[in-house]
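**Q** Below is the file target14.tsv, which contains TSV, C-alpha atoms.
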chain	number	residue	atom	x	y	z
A	857	MET	CA	-21.30	6.03	5.57
A	858	HIS	CA	-17.77	5.53	4.24
A	859	TRP	CA	-15.21	3.82	6.47
A	860	PRO	CA	-11.41	4.05	6.13
A	861	SER	CA	-9.96	1.54	3.67
A	862	LEU	CA	-7.96	-0.96	5.71
A	863	PRO	CA	-6.72	-4.43	4.87
A	864	PHE	CA	-8.26	-5.97	7.96
A	865	VAL	CA	-11.39	-4.61	9.59
A	866	TRP	CA	-13.62	-5.98	12.31
A	867	LEU	CA	-17.36	-5.68	12.19
A	868	LEU	CA	-19.30	-5.84	15.45
A	869	LEU	CA	-22.95	-6.77	15.00
A	870	LEU	CA	-25.00	-4.31	16.97
A	871	GLN	CA	-27.63	-6.32	18.79
A	872	LEU	CA	-25.76	-6.98	22.00
A	873	ALA	CA	-27.63	-9.15	24.48
A	874	PRO	CA	-27.90	-8.01	28.13
A	875	ALA	CA	-25.56	-10.83	29.12
A	876	LEU	CA	-22.77	-9.06	27.27
A	877	LEU	CA	-22.81	-6.09	29.62
A	878	ARG	CA	-21.01	-7.74	32.53
A	879	THR	CA	-17.40	-6.99	33.38
A	880	PRO	CA	-15.13	-9.62	31.80
A	881	THR	CA	-12.64	-11.77	33.58
A	882	SER	CA	-10.29	-12.60	30.73
A	883	PRO	CA	-6.85	-14.16	30.48
A	884	PRO	CA	-3.79	-12.03	29.71
A	885	ASN	CA	-3.83	-10.55	26.22
A	886	GLY	CA	-1.27	-12.75	24.47
A	887	GLY	CA	2.35	-13.01	25.44
A	888	GLU	CA	2.87	-16.78	24.99
A	889	SER	CA	4.39	-18.68	22.09
A	890	PRO	CA	2.20	-21.29	20.38
A	891	GLN	CA	2.48	-24.89	21.48
A	892	GLY	CA	5.46	-26.58	19.83
A	893	ALA	CA	7.67	-23.48	19.76
A	894	LYS	CA	11.07	-23.60	21.48
A	895	LEU	CA	13.34	-20.55	21.69
A	896	VAL	CA	17.03	-21.22	20.98
A	897	SER	CA	19.20	-18.08	20.55
A	898	SER	CA	19.53	-14.67	18.84
A	899	CYS	CA	19.17	-13.93	15.10
A	900	PRO	CA	20.15	-11.16	12.59
A	901	ILE	CA	17.03	-9.04	12.12
A	902	GLU	CA	18.67	-6.81	9.51
A	903	ALA	CA	19.23	-9.77	7.19
A	904	ILE	CA	15.85	-11.39	7.79
A	905	LEU	CA	13.38	-8.56	7.30
A	906	PRO	CA	14.23	-7.61	3.68
A	907	ARG	CA	13.64	-11.22	2.60
A	908	VAL	CA	10.39	-11.48	4.55
A	909	THR	CA	9.20	-8.21	3.00
A	910	SER	CA	9.93	-9.61	-0.46
A	911	GLN	CA	7.84	-12.68	0.33
A	912	ALA	CA	5.02	-10.44	1.58
A	913	LYS	CA	4.88	-8.72	-1.80
A	914	ALA	CA	4.63	-12.13	-3.48
A	915	PHE	CA	1.87	-13.04	-1.03
A	916	VAL	CA	-0.30	-10.24	-2.47
A	917	GLU	CA	-0.04	-11.87	-5.89
A	918	ASN	CA	-0.81	-15.29	-4.41
A	919	MET	CA	-3.99	-14.02	-2.74
A	920	ASN	CA	-5.28	-12.94	-6.14
A	921	ARG	CA	-4.77	-16.36	-7.71
A	922	PHE	CA	-6.87	-18.87	-5.80
A	923	THR	CA	-10.35	-19.83	-4.74
A	924	ALA	CA	-11.12	-22.18	-1.86
A	925	THR	CA	-13.82	-23.71	0.27
A	926	GLU	CA	-14.06	-21.83	3.56
A	927	VAL	CA	-15.39	-23.50	6.70
A	928	LEU	CA	-16.45	-20.80	9.14
A	929	GLU	CA	-17.42	-21.31	12.80
A	930	ARG	CA	-18.58	-18.75	15.36
A	931	GLU	CA	-19.02	-19.27	19.08
A	932	ARG	CA	-20.06	-17.19	22.07
A	933	LEU	CA	-19.09	-18.24	25.61
A	934	ASP	CA	-20.06	-16.69	28.91
A	935	ARG	CA	-17.66	-15.45	31.59
A	936	LYS	CA	-17.25	-18.98	32.95
A	937	GLY	CA	-16.40	-20.43	29.55
A	938	LYS	CA	-19.78	-22.11	28.99
A	939	LEU	CA	-20.86	-22.29	25.35
A	940	LYS	CA	-23.93	-20.11	24.76
A	941	ASP	CA	-24.19	-19.97	20.94
A	942	LYS	CA	-22.53	-21.73	18.02
A	943	VAL	CA	-23.05	-21.56	14.26
A	944	SER	CA	-21.05	-23.00	11.37
A	945	GLY	CA	-21.20	-23.17	7.60
A	946	ARG	CA	-19.29	-23.65	4.33
A	947	THR	CA	-18.95	-21.26	1.43
A	948	HIS	CA	-17.03	-20.72	-1.80
A	949	TYR	CA	-14.31	-18.14	-0.98
A	950	VAL	CA	-12.32	-15.68	-3.09
A	951	ALA	CA	-10.10	-12.90	-1.74
A	952	THR	CA	-8.66	-10.04	-3.77
A	953	VAL	CA	-5.92	-7.68	-2.65
A	954	ARG	CA	-5.56	-4.46	-4.59
A	955	GLN	CA	-3.34	-1.42	-4.27
A	956	MET	CA	-4.04	1.85	-6.08
A	957	GLY	CA	-0.83	3.84	-6.51
A	958	THR	CA	0.86	4.47	-3.18
A	959	GLU	CA	-2.23	3.65	-1.09
A	960	VAL	CA	-2.12	0.79	1.39
A	961	PRO	CA	-3.38	-2.55	0.01
A	962	THR	CA	-7.03	-3.32	0.70
A	963	VAL	CA	-8.57	-6.77	0.97
A	964	GLU	CA	-11.97	-7.71	-0.38
A	965	GLU	CA	-13.56	-11.08	0.35
A	966	HIS	CA	-16.14	-12.59	-1.97
A	967	ARG	CA	-18.39	-15.51	-1.07
A	968	ASP	CA	-20.99	-17.39	-3.06
A	969	GLY	CA	-23.95	-15.67	-1.46
A	970	THR	CA	-24.26	-18.07	1.46
A	971	ARG	CA	-24.28	-15.89	4.58
A	972	LEU	CA	-23.60	-17.69	7.82
A	973	ARG	CA	-26.40	-17.35	10.34
A	974	SER	CA	-25.15	-15.30	13.26
A	975	PHE	CA	-26.25	-14.46	16.81
A	976	ASP	CA	-26.51	-11.36	18.97
A	977	GLY	CA	-23.14	-9.85	19.73
A	978	ALA	CA	-21.17	-11.81	17.12
A	979	ILE	CA	-18.16	-10.30	15.40
A	980	GLU	CA	-17.18	-10.65	11.76
A	981	ALA	CA	-13.53	-10.51	10.67
A	982	ILE	CA	-12.93	-9.21	7.16
A	983	GLY	CA	-9.56	-9.99	5.62
A	984	ILE	CA	-7.95	-11.85	8.51
A	985	ALA	CA	-6.19	-14.22	6.10
A	986	ALA	CA	-4.13	-11.27	4.89
A	987	LEU	CA	-2.71	-10.41	8.31
A	988	ALA	CA	0.68	-11.24	6.77
A	989	LEU	CA	0.54	-7.78	5.18
A	990	ILE	CA	2.13	-6.54	8.40
A	991	PHE	CA	5.39	-7.30	6.56
A	992	HIS	CA	4.34	-5.62	3.30
A	993	PRO	CA	6.26	-2.40	2.45
A	994	SER	CA	3.02	-0.41	2.80
A	995	HIS	CA	2.74	-1.35	6.49
A	996	PHE	CA	6.26	-2.37	7.44
A	997	GLU	CA	7.28	1.03	8.87
A	998	GLU	CA	4.26	1.10	11.19
A	999	PHE	CA	5.93	-1.52	13.39
A	1000	ASP	CA	9.01	-1.93	15.54
A	1001	MET	CA	10.41	-5.40	14.95
A	1002	LYS	CA	13.07	-7.50	16.60
A	1003	CYS	CA	14.18	-11.08	16.17
A	1004	GLU	CA	13.92	-13.20	19.30
A	1005	GLY	CA	15.98	-16.09	18.00
A	1006	PRO	CA	15.87	-19.27	15.93
A	1007	VAL	CA	12.95	-21.40	17.06
A	1008	ASP	CA	11.88	-24.97	16.39
A	1009	TRP	CA	8.17	-24.66	15.63
A	1010	ASN	CA	6.01	-27.64	14.59
A	1011	ALA	CA	8.99	-29.50	13.12
A	1012	HIS	CA	10.15	-26.40	11.21
A	1013	SER	CA	13.30	-24.36	11.84
A	1014	THR	CA	12.10	-20.77	12.05
A	1015	TRP	CA	13.04	-17.25	13.07
A	1016	GLN	CA	10.71	-15.80	15.69
A	1017	VAL	CA	10.13	-12.10	15.00
A	1018	TYR	CA	8.36	-9.87	17.50
A	1019	PHE	CA	6.45	-6.83	16.21
A	1020	GLN	CA	4.73	-3.92	17.91
A	1021	GLN	CA	2.82	-0.97	16.46
A	1022	ARG	CA	4.77	2.30	16.55
A	1023	LEU	CA	2.97	5.19	18.19
A	1024	ASP	CA	4.77	7.79	16.06
A	1025	HIS	CA	3.33	6.41	12.77
A	1026	PRO	CA	-0.28	6.34	11.53
A	1027	ALA	CA	-1.86	2.92	12.12
A	1028	THR	CA	-3.45	1.71	8.86
A	1029	MET	CA	-3.46	-2.05	9.38
A	1030	THR	CA	-6.54	-2.83	11.44
A	1031	GLY	CA	-9.79	-1.24	12.59
A	1032	PHE	CA	-12.93	-2.11	14.56
A	1033	GLY	CA	-16.34	-0.81	13.53
A	1034	VAL	CA	-19.33	-0.56	15.86
A	1035	GLY	CA	-22.38	0.97	14.21
A	1036	SER	CA	-21.35	4.43	13.03
A	1037	SER	CA	-18.23	4.50	15.23
A	1038	TYR	CA	-14.77	3.43	14.14
A	1039	PHE	CA	-11.74	2.58	16.28
A	1040	THR	CA	-8.16	2.07	15.17
A	1041	ILE	CA	-6.57	-1.09	16.56
A	1042	LEU	CA	-2.91	-1.16	17.58
A	1043	LEU	CA	-1.21	-4.56	17.34
A	1044	LYS	CA	1.62	-6.49	18.92
A	1045	GLY	CA	2.62	-10.10	18.39
A	1046	SER	CA	5.05	-12.58	16.89
A	1047	ALA	CA	5.69	-14.23	13.54
A	1048	TRP	CA	7.37	-17.58	12.88
A	1049	ILE	CA	9.37	-17.45	9.63
A	1050	ASP	CA	10.94	-20.41	7.85
A	1051	ARG	CA	14.74	-20.12	8.11
A	1052	ASP	CA	15.35	-21.55	4.63
A	1053	THR	CA	12.62	-19.92	2.52
A	1054	TYR	CA	11.80	-16.86	4.67
A	1055	GLN	CA	8.12	-17.68	4.20
A	1056	LEU	CA	5.71	-16.84	7.00
A	1057	LEU	CA	4.49	-20.04	8.69
A	1058	HIS	CA	2.54	-18.73	11.64
A	1059	LEU	CA	1.47	-15.36	12.98
A	1060	GLU	CA	-0.12	-14.33	16.26
A	1061	ALA	CA	-1.30	-10.82	17.08
A	1062	ASP	CA	-2.92	-9.18	20.10
A	1063	LEU	CA	-4.12	-5.75	21.14
A	1064	LEU	CA	-1.33	-3.41	22.10
A	1065	GLU	CA	-3.86	-1.75	24.40
A	1066	PRO	CA	-7.56	-2.36	25.21
A	1067	ILE	CA	-10.37	-0.17	23.87
A	1068	PRO	CA	-12.48	0.70	26.93
A	1069	ALA	CA	-15.03	2.69	24.92
A	1070	ILE	CA	-16.44	-0.54	23.45
A	1071	GLY	CA	-15.36	-2.95	26.18
A	1072	LEU	CA	-12.80	-4.70	23.99
A	1073	ASN	CA	-10.17	-6.14	26.33
A	1074	VAL	CA	-8.72	-9.03	24.32
A	1075	LEU	CA	-8.43	-9.57	20.58
A	1076	HIS	CA	-6.18	-12.50	19.75
A	1077	GLN	CA	-5.54	-13.53	16.16
A	1078	SER	CA	-3.71	-16.65	14.97
A	1079	VAL	CA	-3.07	-17.49	11.31
A	1080	ASP	CA	-1.28	-20.48	9.75
A	1081	TYR	CA	0.22	-20.34	6.26
A	1082	GLU	CA	1.32	-23.33	4.15
A	1083	PRO	CA	2.51	-24.11	0.61
A	1084	VAL	CA	-0.31	-25.32	-1.63
A	1085	THR	CA	0.70	-27.20	-4.76
A	1086	PHE	CA	-1.50	-27.21	-7.85
A	1087	SER	CA	-0.12	-30.25	-9.67
A	1088	LYS	CA	-2.10	-29.69	-12.85
A	1089	ASN	CA	-0.46	-26.30	-13.32
A	1090	ASP	CA	2.87	-27.22	-11.71
A	1091	THR	CA	2.45	-24.23	-9.40
A	1092	THR	CA	2.99	-23.81	-5.66
A	1093	LEU	CA	1.57	-20.82	-3.77
A	1094	TRP	CA	2.02	-19.85	-0.13
A	1095	LEU	CA	-1.54	-19.41	1.19
A	1096	PRO	CA	-3.53	-19.14	4.44
A	1097	ARG	CA	-4.71	-22.47	5.76
A	1098	LYS	CA	-6.34	-21.60	9.09
A	1099	ALA	CA	-7.23	-18.42	10.98
A	1100	ASP	CA	-8.61	-18.24	14.53
A	1101	VAL	CA	-9.84	-15.18	16.38
A	1102	THR	CA	-10.75	-14.75	20.04
A	1103	ALA	CA	-12.22	-11.56	21.50
A	1104	ASP	CA	-13.26	-10.64	25.03
A	1105	LEU	CA	-15.99	-8.08	24.52
A	1106	LYS	CA	-18.29	-6.73	27.22
A	1107	GLY	CA	-18.18	-9.88	29.33
A	1108	SER	CA	-18.37	-12.50	26.57
A	1109	ARG	CA	-15.73	-14.61	24.88
A	1110	LEU	CA	-16.34	-14.52	21.10
A	1111	VAL	CA	-14.56	-16.98	18.83
A	1112	GLU	CA	-14.37	-17.11	15.04
A	1113	ARG	CA	-12.54	-19.89	13.15
A	1114	HIS	CA	-11.75	-19.93	9.43
A	1115	THR	CA	-10.43	-23.05	7.68
A	1116	TYR	CA	-9.51	-22.99	3.99
A	1117	LYS	CA	-9.36	-26.15	1.86
A	1118	GLU	CA	-10.10	-27.52	-1.62
A	1119	PHE	CA	-7.97	-24.82	-3.22
A	1120	ARG	CA	-8.37	-24.04	-6.92
A	1121	LEU	CA	-6.12	-21.90	-9.06
A	1122	PHE	CA	-7.24	-18.93	-11.14
A	1123	TRP	CA	-5.87	-15.53	-12.08
A	1124	VAL	CA	-7.04	-11.94	-11.63
A	1125	GLY	CA	-4.88	-9.40	-13.42
A	1126	THR	CA	-3.16	-6.97	-11.10
A	1127	THR	CA	-4.31	-4.01	-13.22
A	1128	GLN	CA	-7.98	-5.00	-13.01
A	1129	LYS	CA	-10.02	-2.84	-10.67
A	1130	ILE	CA	-12.31	-4.95	-8.50
A	1131	GLY	CA	-15.05	-3.10	-6.71
A	1132	GLY	CA	-14.51	-0.20	-4.36
A	1133	PRO	CA	-13.24	0.18	-0.78
A	1134	ILE	CA	-14.30	-2.35	1.83
A	1135	SER	CA	-17.94	-1.92	2.81
A	1136	PHE	CA	-19.40	-2.58	6.26
A	1137	LEU	CA	-22.71	-4.18	7.16
A	1138	SER	CA	-24.50	-4.38	10.47
A	1139	ASN	CA	-27.77	-5.87	11.65
Could you take the file, read its structure, and then write that structure out as structure tokens?

**A**
Amino acid sequence: MHWPSLPFVWLLLLQLAPALLRTPTSPPNGGESPQGAKLVSSCPIEAILPRVTSQAKAFVENMNRFTATEVLERERLDRKGKLKDKVSGRTHYVATVRQMGTEVPTVEEHRDGTRLRSFDGAIEAIGIAALALIFHPSHFEEFDMKCEGPVDWNAHSTWQVYFQQRLDHPATMTGFGVGSSYFTILLKGSAWIDRDTYQLLHLEADLLEPIPAIGLNVLHQSVDYEPVTFSKNDTTLWLPRKADVTADLKGSRLVERHTYKEFRLFWVGTTQKIGGPISFLSN
């Protein structure tokens, strides 16, 4: 079966345990700024967004130029927050972002063959590191955006930009696959953008609305981006450093954490075709 080509797609492993079938009691779906963020005053959205969009285009090139060690953790908690399952592992990680003509960019992730052992009901995020593509010209018009003010965030002076999926535009950013079924995900959230460089430092996204058909009530995503300097090549790239995901699905809290380190520089030509559309696996 062929799925739509999206930059960020969720894969739900099918073997759901009976414990997952209870009604969840989950916290509100987002709505809070990360710890360390302090709102100050208003900001000029018209001047900010063109510069952020320019940086998003550079981000696509950056994603095609590095390899890293990825530390991946998955957890499942019950309704009371008690840990039921946990797995973790390390792998060699490469991501490629490609865009054919006017199509939306697609993200492919390549690992060294080490597949992390999973558990019943786990979710797998594909391409979460590229959530910054919300600001790419291919996706930019899918969202209403407004600036909520200059914010001091983790010792950085930033602009806090709120975004929300527009209902009058096709949503091509994110999807959720369950077996042979596919569901489009609508997003809302905030981005924290450096006031001097207009680089994205931190991004948080949540569901604009739940998906009752699969019992998905909360899907919270948090990604940190940082400059990585390759001294041997005298090159600095803005890259993902950490990505956390929390989902409330059919009565369970599912958590997936990605940490990227030990970065190495390489180059994939932008005209090189790498594979086909994103593929989906299930067990």

**Q** Just give me the gap between atom CA of Leu933 of chain A and atom CA of Gln1077 of chain A in Å, one decimal is fine.

**A**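 It comes out at 17.2 Å.
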
**Q** Record the distance separating atom CA of Asp1062 of chain A and atom CA of Arg935 of chain A, expressed in Å with one decimal.

**A**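 Result for atom CA of Asp1062 of chain A versus atom CA of Arg935 of chain A: 19.7 Å, one decimal.
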
**Q** Between atom CA of Phe1039 of chain A and atom CA of Glu965 of chain A, what is the spacing in Å?

**A**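 Computing the Euclidean distance for atom CA of Glu965 of chain A and atom CA of Phe1039 of chain A yields 21.1 Å.
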
**Q** Give me, as a VMD selection string, all polymer residues having an atom no more than 12 Å from Ala903 of chain A, counting only C-alpha atoms and skipping those fewer than 4 positions away in the same chain.

**A** chain A and resid 899 907 to 909 1002 to 1003 1015 1051 1054

**Q** In terms of the shortest atom-to-atom distance over all atoms listed in the file, which of A:Gly1045, A:Pro1006, A:Pro906, A:Pro961 is closest to Thr1028 of chain A?

**A**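 Using all atoms listed in the file, Thr1028 of chain A sits closest to A:Pro961.
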
**Q** Leaving out segment 1086-1092 of chain A and any residue of its chain fewer than 6 positions from it, which residues lie within 10 Å of it when counting all atoms listed in the file, given as a list in words?

**A**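 Listed by chain and then number, they are Asn918, Phe1119, Arg1120 and Leu1121 of chain A.
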
**Q** Determine the nearest neighbour of Asp1052 of chain A from the options A:Ser1013, A:Leu939, A:Ser1108, A:Glu964, counting only C-alpha atoms.

**A**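 The answer is A:Ser1013, which sits nearest to Asp1052 of chain A.
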
**Q** Between A:Leu1059, A:Ile901, A:Asn1010, A:Phe1122, single out the one closest to Leu1093 of chain A, counting all atoms listed in the file.

**A**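 Using all atoms listed in the file, Leu1093 of chain A sits closest to A:Phe1122.
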
**Q** Have a look at A:Pro993, A:Gln1016, A:Ile982, A:Met1029 and name the one nearest to Leu1056 of chain A; count only C-alpha atoms.

**A**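 Using only C-alpha atoms, Leu1056 of chain A sits closest to A:Gln1016.
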
**Q** Excluding segment 941-953 of chain A and its own-chain neighbours fewer than 3 positions away, which residues fall within 7 Å of it when counting all atoms listed in the file? Please give them as number ranges by chain.

**A** A: 916, 919-920, 922-932, 961-968, 970, 972-974
